[in-house]
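As stored in protein-v2.txt (compact mmCIF, C-alpha atoms):
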# COMPACT_ATOMS: atom_id res chain seq x y z
CA MET A 1 7.61 4.11 -5.92
CA GLU A 2 9.85 7.08 -5.33
CA ALA A 3 9.25 6.90 -1.57
CA ALA A 4 10.38 3.26 -1.55
CA VAL A 5 13.65 4.12 -3.27
CA ALA A 6 14.35 7.31 -1.29
CA ASN A 7 13.72 5.67 2.09
CA THR A 8 15.61 2.39 1.74
CA LEU A 9 18.54 2.91 -0.63
CA SER A 10 21.67 5.03 -0.86
CA SER A 11 23.53 6.74 -3.66
CA GLY A 12 25.78 4.31 -5.51
CA GLU A 13 24.16 1.16 -4.12
CA LYS A 14 23.42 -1.56 -6.63
CA VAL A 15 19.90 -2.91 -7.15
CA LEU A 16 18.22 -5.26 -9.58
CA VAL A 17 15.10 -3.93 -11.28
CA PHE A 18 13.04 -6.55 -13.08
CA SER A 19 10.96 -4.91 -15.79
CA CYS A 20 8.18 -6.24 -17.97
CA GLY A 21 6.64 -2.87 -18.81
CA ALA A 22 6.44 0.87 -18.19
CA PHE A 23 6.31 0.71 -14.40
CA GLY A 24 9.40 -1.47 -14.16
CA GLU A 25 11.09 1.09 -16.39
CA ARG A 26 9.87 3.81 -14.01
CA PHE A 27 11.46 2.04 -11.04
CA ALA A 28 14.79 2.08 -12.89
CA ALA A 29 14.37 5.76 -13.83
CA ILE A 30 13.66 6.70 -10.20
CA CYS A 31 16.78 4.84 -9.10
CA LYS A 32 18.86 6.64 -11.71
CA ALA A 33 17.48 10.04 -10.62
CA TYR A 34 18.63 9.32 -7.05
CA GLY A 35 22.05 8.01 -8.04
CA VAL A 36 21.22 4.39 -7.25
CA ASP A 37 23.01 1.93 -9.55
CA ALA A 38 20.06 0.06 -11.05
CA ARG A 39 20.75 -2.92 -13.26
CA ARG A 40 17.58 -3.37 -15.25
CA VAL A 41 16.64 -6.90 -16.27
CA ASP A 42 14.06 -6.68 -19.04
CA VAL A 43 11.68 -9.35 -20.18
CA PRO A 44 9.68 -8.86 -23.38
CA TYR A 45 6.44 -6.96 -23.02
CA GLY A 46 3.62 -9.47 -22.61
CA ARG A 47 5.76 -11.93 -20.65
CA ALA A 48 6.08 -12.36 -16.89
CA VAL A 49 9.30 -12.29 -14.90
CA GLU A 50 10.04 -15.92 -14.09
CA PRO A 51 11.43 -16.99 -10.69
CA ASP A 52 14.31 -18.83 -12.40
CA LEU A 53 15.38 -15.59 -14.11
CA VAL A 54 15.38 -13.84 -10.72
CA ARG A 55 17.45 -16.69 -9.24
CA ASP A 56 19.95 -16.56 -12.13
CA GLU A 57 20.36 -12.78 -11.90
CA LEU A 58 20.73 -12.89 -8.11
CA ALA A 59 23.48 -15.50 -8.51
CA LYS A 60 25.48 -12.80 -10.34
CA GLU A 61 25.05 -10.42 -7.38
CA LYS A 62 26.77 -12.25 -4.53
CA GLY A 63 29.17 -10.67 -2.08
CA LYS A 64 29.42 -7.24 -0.53
CA ASP A 65 29.51 -5.57 -3.96
CA GLY A 66 26.34 -7.31 -5.11
CA ALA A 67 22.89 -5.82 -5.39
CA LYS A 68 21.31 -4.72 -2.12
CA ALA A 69 17.71 -4.97 -3.30
CA VAL A 70 15.31 -6.42 -5.84
CA LEU A 71 12.62 -4.14 -7.25
CA ILE A 72 9.68 -5.46 -9.25
CA THR A 73 6.14 -4.64 -10.30
CA HIS A 74 3.53 -7.12 -9.08
CA ASN A 75 0.91 -6.45 -11.76
CA GLU A 76 2.32 -4.47 -14.68
CA THR A 77 -0.53 -2.17 -15.72
CA SER A 78 1.03 -1.20 -19.05
CA THR A 79 1.15 -4.78 -20.33
CA GLY A 80 -1.45 -6.56 -18.19
CA ILE A 81 1.12 -9.00 -16.82
CA LEU A 82 0.71 -10.44 -13.34
CA ASN A 83 4.13 -11.58 -12.15
CA PRO A 84 4.25 -14.78 -10.04
CA LEU A 85 5.08 -12.78 -6.94
CA LYS A 86 4.72 -15.56 -4.39
CA GLU A 87 7.30 -17.70 -6.18
CA ILE A 88 9.60 -14.73 -6.86
CA SER A 89 9.34 -13.80 -3.18
CA GLU A 90 10.66 -17.22 -2.19
CA VAL A 91 13.71 -16.71 -4.40
CA VAL A 92 14.39 -13.20 -3.09
CA ARG A 93 13.89 -14.28 0.52
CA GLU A 94 16.54 -17.01 0.06
CA SER A 95 18.99 -14.35 -1.15
CA GLY A 96 18.49 -12.08 1.85
CA LYS A 97 18.11 -9.03 -0.41
CA LEU A 98 15.68 -6.23 0.36
CA PHE A 99 12.49 -6.86 -1.64
CA VAL A 100 10.57 -3.84 -2.97
CA VAL A 101 7.26 -4.38 -4.77
CA ASP A 102 5.06 -1.98 -6.73
CA SER A 103 1.57 -3.44 -6.27
CA VAL A 104 -0.43 -0.36 -7.23
CA SER A 105 -2.62 -2.36 -9.61
CA GLY A 106 -2.25 -5.71 -7.83
CA ALA A 107 -3.13 -5.11 -4.17
CA GLY A 108 -6.86 -5.34 -3.74
CA ALA A 109 -7.35 -7.38 -6.91
CA THR A 110 -5.17 -10.45 -6.50
CA GLU A 111 -3.52 -12.48 -3.76
CA LEU A 112 -0.86 -10.55 -1.88
CA GLU A 113 0.58 -11.72 1.46
CA ILE A 114 3.10 -9.02 2.28
CA ASP A 115 4.47 -10.37 5.57
CA GLU A 116 4.10 -14.07 4.76
CA TRP A 117 5.93 -13.68 1.46
CA GLY A 118 8.72 -11.56 2.96
CA ILE A 119 8.05 -8.38 1.01
CA ASP A 120 10.03 -5.60 2.67
CA VAL A 121 8.43 -2.61 0.98
CA CYS A 122 5.07 -2.78 -0.76
CA ILE A 123 3.48 0.17 -2.53
CA THR A 124 -0.15 0.54 -3.55
CA ALA A 125 -2.58 3.39 -4.07
CA SER A 126 -6.28 4.10 -4.08
CA GLN A 127 -6.79 4.72 -7.80
CA LYS A 128 -6.38 1.33 -9.43
CA ALA A 129 -7.29 -2.05 -7.97
CA TRP A 130 -8.89 -0.51 -4.87
CA GLY A 131 -11.37 1.25 -7.17
CA ALA A 132 -11.30 4.55 -5.28
CA PRO A 133 -10.47 8.06 -6.45
CA PRO A 134 -6.76 8.91 -6.62
CA GLY A 135 -5.14 10.55 -3.63
CA VAL A 136 -4.11 7.89 -1.12
CA ALA A 137 -0.76 6.12 -1.31
CA ILE A 138 -0.13 3.10 0.91
CA VAL A 139 3.41 1.98 1.69
CA THR A 140 4.28 -0.92 3.98
CA MET A 141 7.74 -1.27 5.51
CA SER A 142 9.13 -4.38 7.21
CA PRO A 143 11.56 -4.15 10.14
CA LYS A 144 14.31 -4.93 7.62
CA ALA A 145 13.18 -1.98 5.49
CA TRP A 146 13.26 0.32 8.54
CA LYS A 147 16.86 -0.79 9.18
CA ALA A 148 17.65 0.13 5.57
CA TYR A 149 15.97 3.49 6.19
CA GLU A 150 18.43 4.21 9.00
CA LYS A 151 21.34 3.78 6.55
CA SER A 152 19.77 5.54 3.56
CA ASP A 153 21.56 8.70 2.50
CA LEU A 154 19.08 9.83 -0.15
CA PRO A 155 17.31 13.17 0.23
CA LYS A 156 13.75 13.04 1.46
CA VAL A 157 11.32 15.62 2.74
CA TYR A 158 7.78 15.00 1.49
CA PHE A 159 8.49 11.29 1.05
CA ASP A 160 10.21 10.82 4.43
CA LEU A 161 8.32 7.79 5.72
CA ALA A 162 9.57 8.29 9.28
CA THR A 163 7.50 11.49 9.36
CA TYR A 164 4.41 9.49 8.42
CA LYS A 165 5.24 6.76 10.93
CA ALA A 166 5.59 9.30 13.75
CA ALA A 167 2.25 10.87 12.83
CA LEU A 168 0.60 7.45 12.62
CA GLU A 169 1.74 6.64 16.15
CA LYS A 170 -0.29 9.69 17.28
CA ALA A 171 -3.30 8.73 15.08
CA GLN A 172 -2.54 11.79 12.93
CA THR A 173 -1.33 12.62 9.46
CA PRO A 174 1.74 14.83 8.90
CA ALA A 175 -0.20 17.11 6.55
CA THR A 176 -3.73 17.55 5.26
CA PRO A 177 -4.78 14.21 3.75
CA ALA A 178 -7.06 13.59 0.78
CA ILE A 179 -10.18 13.86 2.94
CA THR A 180 -12.62 13.01 0.14
CA VAL A 181 -10.81 9.74 -0.52
CA TYR A 182 -10.70 8.89 3.19
CA ILE A 183 -14.46 9.34 3.41
CA ALA A 184 -15.09 7.42 0.18
Could you render the structure from this file as structure tokens?
Amino acid sequence: MEAAVANTLSSGEKVLVFSCGAFGERFAAICKAYGVDARRVDVPYGRAVEPDLVRDELAKEKGKDGAKAVLITHNETSTGILNPLKEISEVVRESGKLFVVDSVSGAGATELEIDEWGIDVCITASQKAWGAPPGVAIVTMSPKAWKAYEKSDLPKVYFDLATYKAALEKAQTPATPAITVYIA
């Protein structure tokens, strides 16, 4: 989640964070730590974020001073809520905003069409829905997300995704990976 924020946003930029549990709250906390102006839109625990709510909130964020991105959790582990991501994706795509999705407990367990749905950054990891030991993080970046990376002014060293991309192009990793998880 932190890598997604650090690689695509800049200090002072506005974003919308839709939260229906602890991991939505974490997205907002990460933004705050990096100086990103996160406007958190909360729904009660136990309820999903509805596409109409996303549409209504995006309508308030028009113009050059509006939110640059929408951040949301696909499956909120803390409350067991599966957000209607396909429908929300349609709304975000219409807005042209960068779309960042935490799917750590969704990917591998429920439908997720990253490219087809227009998700710009998608985060997952080995330890939840994939049913593997912890230690592998998976982050996808669309061409639009890589353009945002070029403009991002946030500090990044360990989480610099360009380092990982360069290593991937050589069929390498930038550091020692979690070998036991790779083999599992």
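Between CA of Glu111 in chain A and CA of Glu57 in chain A lies a distance of 25.2 Å.
Closest approach to Glu13 in chain A from the set A:Ala67, A:Ala107, A:Ala148, A:Leu58 is made by A:Ala67, with distances taken over all atoms listed in the file.
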Handout entry: For Ala48 in chain A: contacts at 8 Å, all atoms listed in the file, fewer than 3 positions along chain excluded, given as a PyMOL selection string
Key = chain A and resi 20+43+81-84
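Minimum atom-to-atom distances from A:Ala162, A:Ile179, A:Leu71, A:Val54 to Glu150 in chain A were compared using all atoms listed in the file, and the lowest value belongs to A:Ala162.
In terms of minimum interatomic distance to Thr73 in chain A, A:Ile88 ranks closest within A:Met141, A:Leu154, A:Ile88, A:Ala3, counting only C-alpha atoms.
Residue nearest Gly131 in chain A within the list A:Val104, A:Ala175, A:Ile114, A:Ala33: A:Val104 [criterion: smallest interatomic distance, all atoms listed in the file].
Each of A:Glu76, A:Asp102, A:Asp56, A:Glu87 was compared to Phe27 in chain A using only C-alpha atoms, and A:Asp102 turns out to be the nearest.
Each of A:Ile183, A:Ala59, A:Ile119, A:Val101 was compared to Asn75 in chain A using all atoms listed in the file, and A:Val101 turns out to be the nearest.
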Exercise for the section: With a distance cut-off of 9 Å and all atoms listed in the file, select the neighbouring residues of Ser78 in chain A, excluding the residue or stretch itself and same-chain residues fewer than 4 positions from it, and output the selection as a ChimeraX atom specification. Expected result: /A:20-23,45
Exercise for the section: Have a look at CA of Ile72 in chain A and CA of Ala109 in chain A and let me know their distance in Å, one decimal. Expected result: 17.3 Å
Practice task
Excluding Gly63 in chain A and residues on its chain fewer than 3 positions from it, collect all residues at most 12 Å away from it, counting only C-alpha atoms, and give them as a ChimeraX atom specification.
Solution key: /A:14,58-60,66-68,95-97
Practice task
For Thr180 in chain A, list every protein, DNA or RNA residue within 12 Å, evaluated using all atoms listed in the file, and leave out those in the same chain fewer than 4 positions away; present the list as a list in words.
Solution key: Ser126, Ala132, Pro133, Pro134, Gly135, Val136, Thr176 and Ala184 of chain A
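The neighbours of Ala38 in chain A here are the residues that come within 12 Å of it, using all atoms listed in the file and leaving out any residue fewer than 6 positions away in the same chain; they are Val5, Leu9, Ser10, Ser11, Gly12, Glu13, Lys14, Val15, Leu16, Val17, Phe18, Ser19, Gly24, Glu25, Arg26, Phe27, Ala28, Ala29, Ile30, Cys31, Lys32, Gly66, Ala67, Lys68, Ala69, Val70, Leu71 and Ile72 of chain A.
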Write the residues of the preceding selection, restricted to C-alpha atoms, as a compact mmCIF listing (two decimals), keeping the file's coordinate frame.
# COMPACT_ATOMS: atom_id res chain seq x y z
CA VAL A 5 13.65 4.12 -3.27
CA LEU A 9 18.54 2.91 -0.63
CA SER A 10 21.67 5.03 -0.86
CA SER A 11 23.53 6.74 -3.66
CA GLY A 12 25.78 4.31 -5.51
CA GLU A 13 24.16 1.16 -4.12
CA LYS A 14 23.42 -1.56 -6.63
CA VAL A 15 19.90 -2.91 -7.15
CA LEU A 16 18.22 -5.26 -9.58
CA VAL A 17 15.10 -3.93 -11.28
CA PHE A 18 13.04 -6.55 -13.08
CA SER A 19 10.96 -4.91 -15.79
CA GLY A 24 9.40 -1.47 -14.16
CA GLU A 25 11.09 1.09 -16.39
CA ARG A 26 9.87 3.81 -14.01
CA PHE A 27 11.46 2.04 -11.04
CA ALA A 28 14.79 2.08 -12.89
CA ALA A 29 14.37 5.76 -13.83
CA ILE A 30 13.66 6.70 -10.20
CA CYS A 31 16.78 4.84 -9.10
CA LYS A 32 18.86 6.64 -11.71
CA GLY A 66 26.34 -7.31 -5.11
CA ALA A 67 22.89 -5.82 -5.39
CA LYS A 68 21.31 -4.72 -2.12
CA ALA A 69 17.71 -4.97 -3.30
CA VAL A 70 15.31 -6.42 -5.84
CA LEU A 71 12.62 -4.14 -7.25
CA ILE A 72 9.68 -5.46 -9.25
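CA of Asp120 in chain A lies 26.4 Å from CA of Gly46 in chain A.
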Select range 28-54 of chain A in the preceding structure and write N, CA and C atoms to a file as a CSV table (one decimal), in the first residue's frame.
chain,number,residue,atom,x,y,z
A,28,ALA,N,-5.4,5.9,4.2
A,28,ALA,CA,-5.4,7.4,4.5
A,28,ALA,C,-4.2,7.7,5.4
A,29,ALA,N,-3.9,6.9,6.4
A,29,ALA,CA,-2.7,7.1,7.2
A,29,ALA,C,-1.4,7.2,6.5
A,30,ILE,N,-1.3,6.3,5.5
A,30,ILE,CA,-0.1,6.3,4.6
A,30,ILE,C,0.0,7.6,3.9
A,31,CYS,N,-1.1,8.0,3.3
A,31,CYS,CA,-1.1,9.3,2.6
A,31,CYS,C,-0.7,10.5,3.5
A,32,LYS,N,-1.3,10.5,4.7
A,32,LYS,CA,-1.0,11.6,5.6
A,32,LYS,C,0.5,11.6,5.9
A,33,ALA,N,1.1,10.4,6.2
A,33,ALA,CA,2.5,10.3,6.5
A,33,ALA,C,3.4,10.9,5.4
A,34,TYR,N,3.0,10.8,4.2
A,34,TYR,CA,3.7,11.3,3.0
A,34,TYR,C,3.3,12.7,2.6
A,35,GLY,N,2.4,13.3,3.3
A,35,GLY,CA,2.0,14.7,3.0
A,35,GLY,C,1.0,14.8,1.9
A,36,VAL,N,0.4,13.7,1.5
A,36,VAL,CA,-0.6,13.7,0.5
A,36,VAL,C,-2.0,14.1,1.2
A,37,ASP,N,-2.7,14.9,0.6
A,37,ASP,CA,-4.0,15.4,1.1
A,37,ASP,C,-5.1,14.4,0.9
A,38,ALA,N,-5.3,13.5,1.8
A,38,ALA,CA,-6.3,12.5,1.6
A,38,ALA,C,-7.6,12.9,2.2
A,39,ARG,N,-8.6,12.9,1.4
A,39,ARG,CA,-10.0,13.1,2.0
A,39,ARG,C,-10.6,11.8,2.1
A,40,ARG,N,-10.8,11.3,3.3
A,40,ARG,CA,-11.4,10.0,3.6
A,40,ARG,C,-12.9,10.1,3.6
A,41,VAL,N,-13.4,9.1,2.8
A,41,VAL,CA,-14.9,9.0,2.7
A,41,VAL,C,-15.2,7.7,3.4
A,42,ASP,N,-15.8,7.7,4.6
A,42,ASP,CA,-16.1,6.5,5.4
A,42,ASP,C,-17.5,6.0,5.1
A,43,VAL,N,-17.6,4.7,5.1
A,43,VAL,CA,-18.9,4.1,5.1
A,43,VAL,C,-18.9,3.3,6.4
A,44,PRO,N,-20.1,3.0,7.0
A,44,PRO,CA,-20.1,2.2,8.2
A,44,PRO,C,-19.5,0.9,8.1
A,45,TYR,N,-18.8,0.4,9.1
A,45,TYR,CA,-18.3,-0.9,9.1
A,45,TYR,C,-19.4,-1.9,8.8
A,46,GLY,N,-19.1,-2.9,8.0
A,46,GLY,CA,-20.2,-3.9,7.6
A,46,GLY,C,-20.9,-3.5,6.4
A,47,ARG,N,-20.6,-2.3,5.8
A,47,ARG,CA,-21.3,-1.9,4.5
A,47,ARG,C,-20.3,-1.7,3.5
A,48,ALA,N,-20.6,-2.0,2.2
A,48,ALA,CA,-19.7,-1.8,1.1
A,48,ALA,C,-19.8,-0.3,0.6
A,49,VAL,N,-18.7,0.1,-0.1
A,49,VAL,CA,-18.7,1.4,-0.8
A,49,VAL,C,-19.5,1.2,-2.0
A,50,GLU,N,-20.5,2.0,-2.2
A,50,GLU,CA,-21.4,1.9,-3.4
A,50,GLU,C,-20.9,2.8,-4.5
A,51,PRO,N,-21.1,2.3,-5.7
A,51,PRO,CA,-20.6,3.1,-6.9
A,51,PRO,C,-21.2,4.5,-6.9
A,52,ASP,N,-22.5,4.7,-6.5
A,52,ASP,CA,-23.1,6.0,-6.5
A,52,ASP,C,-22.4,6.9,-5.6
A,53,LEU,N,-22.0,6.4,-4.4
A,53,LEU,CA,-21.2,7.3,-3.5
A,53,LEU,C,-19.9,7.7,-4.1
A,54,VAL,N,-19.2,6.8,-4.8
A,54,VAL,CA,-18.0,7.2,-5.5
A,54,VAL,C,-18.3,8.3,-6.5
